[in-house]
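Below is one structure, written out as structure tokens, with a few remarks after it.
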Amino acid sequence: MAASQKILALVKKNKEGCSASVLEKKLGYSRQYIVRLLNQLISQGEIYRLGKTRAAKYYSGKATDTSSSLQLIKERKGLSESVVFEEIRTRMQLNRRLNKNCLTIFDYSFTEMLNNAIDHSQSRKVWISVDIDQTNILFIIKDLGIGAIENIKQGFKINDNFQALEHLFKGKQTTAPEAHSGQGIFFTSKVVDVFNITTSGMEFTIDNLKADEFLKDTRQRKGTSVGCKIKKNTRRKIKDVFDKYTGEDYEFNQNIVKINLSGHSRLMSRSEAKRLLLGLDEYAVLDFNFQSVDTVGQGFCDEIFRIYANKHPDKTLSYHNTSDVVRYMIERSR
């Protein structure tokens, strides 16, 4: 079998993506030779690449797949919500099919809900579906884990399902304070057009277009299913929603924005990081003031100083007034 066919066979076999380093170990070819063959397979439409440099992974099929429906099954352990989002964005050509507001909302809500399933569900696998019709984009993330309501009940010593459901949407409650601020579900339910969660025999829907909420019984007892619907041409700006519930922490000066974090003692989640970064793409320098911040989470630092920094290599991200612990977490994320 030719070397390129061996590579293609391994890529097809690995549904979670195959890196050049893995191919190098399995086949024994030099990295340069493998990369050359991978590029040939990409040009032939046999595979596509997600990610850059050594972090890139290769998948079977064409990246220009513009199907209106996509179903994925992922192993939860080791799963990265940002990698899954990039796979969906590329395969479904979301940059072309959604307006900027919708894409931003989809990015935020999808990665927040998938991150919840990864960190909280204890499910072995996660089921993902994304559908696009003439008007909306809809995604559903399902797991067969402990269940969101049951997780809240155990974490906060609550016996009643309805009390736990109310607790879930308070906005700053979490069963994993070392990793989350508890704001992911709260803000996601505010920024999408329709939010739906099904768990523990209950289905709760928040319809922001009708300004209404619905609760009904359902047969689903195990795990959690979260669905969100967003208009493809929505005029809703995610920053307006965030601003409604958070204060102003920014000082703008030409192409520099100074972000004052001194009003926060703990900054833990990707939600908080994404809200801080929203609308700042036009600025060349982002300077973070961590005065009075005692604790930062891995997710918060990773979202800013690795993911955002990699997406915007032309920007300068600086920080000051950090404690030794905060500085260590920032540099570790880099």
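Ordering of the structure tokens sets the chain letters (A, B, ...), residue numbers begin anew at 1 in every chain, and ligands are numbered from 1 in the order given.
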
For the interface of range 54-111 of chain A with range 276-293 of chain A (cut-off 12 Å, counting only C-alpha atoms), please tabulate each contacting residue of range 54-111 of chain A alongside its nearest pair of atoms and their separation in Å to one decimal, rows sorted by chain and increasing number, as a Markdown table.
```
| residue | atom | partner | partner_atom | distance |
| --- | --- | --- | --- | --- |
| A:Lys100 | CA | A:Gly279 | CA | 11.6 |
| A:Asn101 | CA | A:Gly279 | CA | 11.1 |
| A:Thr104 | CA | A:Leu278 | CA | 9.0 |
| A:Ile105 | CA | A:Leu278 | CA | 10.8 |
| A:Asp107 | CA | A:Leu278 | CA | 11.7 |
| A:Tyr108 | CA | A:Leu278 | CA | 10.2 |
```

Checklist line | In range 249-282 of chain A, DSSP strand (DSSP E or B) residues written as a list in words | finding: Tyr250, Glu251, Phe252, Asn253, Ile256, Val257, Lys258, Ile259, Asn260, Arg266 and Leu267 of chain A

Note to self: as a count of residues only, please: the residues near Asp143 in chain A (cut-off 12 Å, only C-alpha atoms, same-chain neighbours under 2 positions excluded).
What the structure shows: 37

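For the atom pair formed by CA of Leu168 in chain A and CA of Ile238 in chain A, the distance is 20.9 Å, given to one decimal.
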
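Shortest separation to Cys301 in chain A among A:Lys25, A:Lys210, A:Lys62, A:Arg270 occurs at residue A:Arg270, atoms counted being only C-alpha atoms.
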
Notebook entry, point to check: From the list A:Lys13, A:Lys6, A:Lys153, A:Lys258, which residue is nearest Leu41 in chain A when using only C-alpha atoms?
Noted result: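 For Leu41 in chain A, the nearest of the candidates is A:Lys6.
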
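Taking only C-alpha atoms into account, Arg91 in chain A lies nearest to A:Ile47 out of the set A:Leu165, A:Ile47, A:Ala273, A:Val296.
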